[in-house]
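Shown next: input_16.pdb, containing PDB, C-alpha atoms, pLDDT in the B column.
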ATOM      1  CA  MET A  20     100.602 101.144 112.999  1.00 76.00           C
ATOM      2  CA  LEU A  21     103.037  99.497 110.655  1.00 89.00           C
ATOM      3  CA  THR A  22     104.649 101.547 107.909  1.00 94.00           C
ATOM      4  CA  PRO A  23     104.467 100.248 104.334  1.00 95.00           C
ATOM      5  CA  GLU A  24     108.249  99.715 104.363  1.00 96.00           C
ATOM      6  CA  ARG A  25     108.057  97.639 107.570  1.00 94.00           C
ATOM      7  CA  LYS A  26     105.182  95.573 106.140  1.00 95.00           C
ATOM      8  CA  LYS A  27     107.269  94.910 103.043  1.00 96.00           C
ATOM      9  CA  GLN A  28     110.149  93.661 105.215  1.00 94.00           C
ATOM     10  CA  MET A  29     107.792  91.431 107.197  1.00 95.00           C
ATOM     11  CA  ARG A  30     106.243  89.977 104.044  1.00 96.00           C
ATOM     12  CA  ALA A  31     109.734  89.089 102.803  1.00 95.00           C
ATOM     13  CA  ILE A  32     110.488  87.292 106.084  1.00 94.00           C
ATOM     14  CA  GLY A  33     107.042  85.676 106.189  1.00 94.00           C
ATOM     15  CA  HIS A  34     107.359  84.262 102.697  1.00 94.00           C
ATOM     16  CA  HIS A  35     109.690  81.533 103.999  1.00 92.00           C
ATOM     17  CA  LEU A  36     107.673  80.701 107.121  1.00 95.00           C
ATOM     18  CA  LYS A  37     105.455  77.660 107.467  1.00 95.00           C
ATOM     19  CA  PRO A  38     101.987  78.013 109.047  1.00 96.00           C
ATOM     20  CA  ILE A  39     102.168  77.583 112.816  1.00 93.00           C
ATOM     21  CA  VAL A  40      98.461  77.773 113.646  1.00 92.00           C
ATOM     22  CA  LEU A  41      95.779  76.010 111.620  1.00 92.00           C
ATOM     23  CA  VAL A  42      92.173  77.135 112.040  1.00 91.00           C
ATOM     24  CA  GLY A  43      89.650  74.572 110.863  1.00 84.00           C
ATOM     25  CA  ASP A  44      86.054  74.743 109.733  1.00 76.00           C
ATOM     26  CA  HIS A  45      84.833  75.111 113.324  1.00 79.00           C
ATOM     27  CA  GLY A  46      86.546  78.477 113.711  1.00 79.00           C
ATOM     28  CA  MET A  47      88.162  79.868 116.827  1.00 85.00           C
ATOM     29  CA  SER A  48      88.157  78.082 120.140  1.00 88.00           C
ATOM     30  CA  SER A  49      89.903  78.816 123.400  1.00 90.00           C
ATOM     31  CA  GLY A  50      92.628  76.327 122.440  1.00 91.00           C
ATOM     32  CA  VAL A  51      93.251  78.061 119.120  1.00 91.00           C
ATOM     33  CA  LEU A  52      93.475  81.449 120.856  1.00 93.00           C
ATOM     34  CA  GLU A  53      95.905  80.073 123.466  1.00 94.00           C
ATOM     35  CA  GLU A  54      98.127  78.603 120.753  1.00 94.00           C
ATOM     36  CA  LEU A  55      97.941  81.827 118.754  1.00 95.00           C
ATOM     37  CA  ASN A  56      98.975  83.897 121.787  1.00 95.00           C
ATOM     38  CA  ARG A  57     101.815  81.502 122.589  1.00 95.00           C
ATOM     39  CA  ALA A  58     103.095  81.594 119.002  1.00 95.00           C
ATOM     40  CA  LEU A  59     102.920  85.400 118.852  1.00 96.00           C
ATOM     41  CA  ASN A  60     104.762  85.703 122.189  1.00 95.00           C
ATOM     42  CA  ASP A  61     107.511  83.363 120.998  1.00 94.00           C
ATOM     43  CA  HIS A  62     107.893  84.323 117.336  1.00 95.00           C
ATOM     44  CA  GLU A  63     106.314  87.806 116.960  1.00 96.00           C
ATOM     45  CA  LEU A  64     105.679  87.205 113.243  1.00 96.00           C
ATOM     46  CA  ILE A  65     103.708  84.073 112.362  1.00 97.00           C
ATOM     47  CA  LYS A  66     101.910  82.570 109.424  1.00 97.00           C
ATOM     48  CA  ILE A  67      98.499  80.986 109.990  1.00 96.00           C
ATOM     49  CA  LYS A  68      96.227  78.943 107.748  1.00 96.00           C
ATOM     50  CA  VAL A  69      92.470  79.423 107.928  1.00 94.00           C
ATOM     51  CA  ARG A  70      90.267  76.781 106.332  1.00 92.00           C
ATOM     52  CA  ALA A  71      86.930  78.484 105.811  1.00 89.00           C
ATOM     53  CA  GLU A  72      84.869  80.240 103.170  1.00 89.00           C
ATOM     54  CA  ARG A  73      86.213  83.574 101.943  1.00 88.00           C
ATOM     55  CA  ASP A  74      83.851  85.828 103.923  1.00 87.00           C
ATOM     56  CA  THR A  75      84.166  83.725 107.059  1.00 90.00           C
ATOM     57  CA  ARG A  76      87.952  83.640 106.690  1.00 92.00           C
ATOM     58  CA  LYS A  77      88.197  87.430 106.623  1.00 92.00           C
ATOM     59  CA  THR A  78      85.986  87.727 109.711  1.00 92.00           C
ATOM     60  CA  LEU A  79      87.989  85.057 111.559  1.00 92.00           C
ATOM     61  CA  ILE A  80      91.298  86.784 110.825  1.00 94.00           C
ATOM     62  CA  GLU A  81      89.925  90.140 111.967  1.00 94.00           C
ATOM     63  CA  SER A  82      88.548  88.666 115.191  1.00 93.00           C
ATOM     64  CA  MET A  83      91.834  86.812 115.882  1.00 94.00           C
ATOM     65  CA  CYS A  84      93.701  90.095 115.505  1.00 95.00           C
ATOM     66  CA  ALA A  85      91.245  91.858 117.811  1.00 96.00           C
ATOM     67  CA  GLU A  86      91.444  89.094 120.452  1.00 95.00           C
ATOM     68  CA  THR A  87      95.249  88.926 120.474  1.00 95.00           C
ATOM     69  CA  GLY A  88      96.185  92.530 119.714  1.00 96.00           C
ATOM     70  CA  ALA A  89      98.030  91.442 116.571  1.00 97.00           C
ATOM     71  CA  HIS A  90      98.229  93.201 113.210  1.00 97.00           C
ATOM     72  CA  CYS A  91      97.467  91.423 109.950  1.00 96.00           C
ATOM     73  CA  VAL A  92     100.479  92.133 107.749  1.00 97.00           C
ATOM     74  CA  GLN A  93      99.143  90.213 104.763  1.00 96.00           C
ATOM     75  CA  SER A  94      96.245  87.925 103.921  1.00 95.00           C
ATOM     76  CA  THR A  95      96.381  85.868 100.744  1.00 94.00           C
ATOM     77  CA  GLY A  96      93.949  83.045 100.142  1.00 93.00           C
ATOM     78  CA  ALA A  97      93.886  80.745 103.167  1.00 94.00           C
ATOM     79  CA  MET A  98      97.155  82.145 104.576  1.00 96.00           C
ATOM     80  CA  ALA A  99      97.593  85.174 106.813  1.00 97.00           C
ATOM     81  CA  LEU A 100     100.692  86.762 108.268  1.00 97.00           C
ATOM     82  CA  LEU A 101     100.198  88.168 111.783  1.00 97.00           C
ATOM     83  CA  TYR A 102     102.530  90.368 113.829  1.00 97.00           C
ATOM     84  CA  ARG A 103     102.561  91.353 117.470  1.00 96.00           C
ATOM     85  CA  ALA A 104     105.635  92.841 119.125  1.00 94.00           C
ATOM     86  CA  ALA A 105     106.872  90.885 122.131  1.00 91.00           C
ATOM     87  CA  GLU A 106     107.636  92.712 125.362  1.00 89.00           C
ATOM     88  CA  ARG A 107     110.957  90.879 125.650  1.00 90.00           C
ATOM     89  CA  PRO A 108     111.763  89.206 122.322  1.00 90.00           C
ATOM     90  CA  ASN A 109     113.748  85.992 122.509  1.00 89.00           C
ATOM     91  CA  PRO A 110     116.551  86.184 119.901  1.00 90.00           C
ATOM     92  CA  ARG A 111     116.480  82.397 119.508  1.00 90.00           C
ATOM     93  CA  LEU A 112     112.753  82.262 118.695  1.00 92.00           C
ATOM     94  CA  SER A 113     111.763  85.605 117.159  1.00 92.00           C
ATOM     95  CA  ASN A 114     111.323  85.427 113.399  1.00 92.00           C
ATOM     96  CA  LEU A 115     112.283  89.112 113.192  1.00 91.00           C
ATOM     97  CA  ILE A 116     115.618  88.819 115.006  1.00 87.00           C
ATOM     98  CA  ARG A 117     117.080  85.409 114.226  1.00 73.00           C
ATOM     99  CA  PRO A 118     118.577  84.740 110.808  1.00 64.00           C
ATOM    100  CA  LEU A 119     116.635  82.453 108.484  1.00 57.00           C
TER     101      LEU A 119
END

In structure tokens, how does this file's structure come out?
Amino acid sequence: MLTPERKKQMRAIGHHLKPIVLVGDHGMSSGVLEELNRALNDHELIKIKVRAERDTRKTLIESMCAETGAHCVQSTGAMALLYRAAERPNPRLSNLIRPL
């Protein structure tokens, strides 16, 4: 689990990020999950945009986290900030290691 202090740090970093994965009205597909896994492996902390109704959006974010093993750091409106620690973080790609 993430501590409140760590979540606060991640939200500060995530504020400047642009959405990497866009989920449309049709929801999750295998392609979306592959891209989500790739982005989490490369960057560890990513911002996603979910275009769906409020209730559907919350369910989609929860199922994406369950499928990928990620944690939802923050969810505001259509944007969500997801985190999954990489086994071997790449300092050139990780949003947590490299300077902004």

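Nearest residue to A:Leu101 among A:Ile65, A:Ala85, A:Ala71, A:Met29 is A:Ile65, counting all atoms listed in the file.
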
Practice problem: Evaluate the PyMOL selection byres ((chain A and resi 90) around 12) here and jot the selected residues down as a ChimeraX atom specification. | Solution: /A:20-22,26,29,59,63-66,80-89,91-94,99-104

Quiz prompt | Nearest candidate to A:His34 (options A:Ala105, A:Ile67, A:Leu79, A:Ile116; using all atoms listed in the file) | solution = A:Ile67

Practice problem: Might you spell out which residues the PyMOL selection byres ((chain A and resi 72) around 12) would select in the displayed file, as a ChimeraX atom specification? | Solution: /A:42-46,69-71,73-80,96-97

What would the file look like if the residues just selected were written as a CSV table (one decimal), in the frame of the given file with C-alpha atoms?
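Heads up, here's the output in part17.csv:
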chain,number,residue,atom,x,y,z
A,42,VAL,CA,92.2,77.1,112.0
A,43,GLY,CA,89.6,74.6,110.9
A,44,ASP,CA,86.1,74.7,109.7
A,45,HIS,CA,84.8,75.1,113.3
A,46,GLY,CA,86.5,78.5,113.7
A,69,VAL,CA,92.5,79.4,107.9
A,70,ARG,CA,90.3,76.8,106.3
A,71,ALA,CA,86.9,78.5,105.8
A,73,ARG,CA,86.2,83.6,101.9
A,74,ASP,CA,83.9,85.8,103.9
A,75,THR,CA,84.2,83.7,107.1
A,76,ARG,CA,88.0,83.6,106.7
A,77,LYS,CA,88.2,87.4,106.6
A,78,THR,CA,86.0,87.7,109.7
A,79,LEU,CA,88.0,85.1,111.6
A,80,ILE,CA,91.3,86.8,110.8
A,96,GLY,CA,93.9,83.0,100.1
A,97,ALA,CA,93.9,80.7,103.2

Self-check item: Straight-line distance linking atom CA of A:Lys68 with atom CA of A:Glu24, stated in Å to one decimal
Solution: 24.2 Å

Set up a box along x, y and z of the file covering all listed atoms of stretch 32-40 of chain A, add 3 Å on every one of the six sides, and write the centre and edge lengths in Å to one decimal, as AutoDock Vina command-line options.
--center_x 104.5 --center_y 82.4 --center_z 108.2 --size_x 18.0 --size_y 15.7 --size_z 16.9

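Between atom CA of A:Pro110 and atom CA of A:Leu52 lies a distance of 23.6 Å.
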
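Each of A:Arg57, A:His62, A:Arg107, A:Val51 was compared to A:Ile32 using all atoms listed in the file, and A:His62 turns out to be the nearest.
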
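Of the residues under consideration (A:Leu36, A:Met98, A:Leu41, A:Met47), A:Leu36 shows the shortest atom-to-atom contact distance to A:Leu115 when counting all atoms listed in the file.
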
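The interatomic distance for the pair atom CA of A:Thr95 and atom CA of A:Arg30 works out to 11.2 Å.
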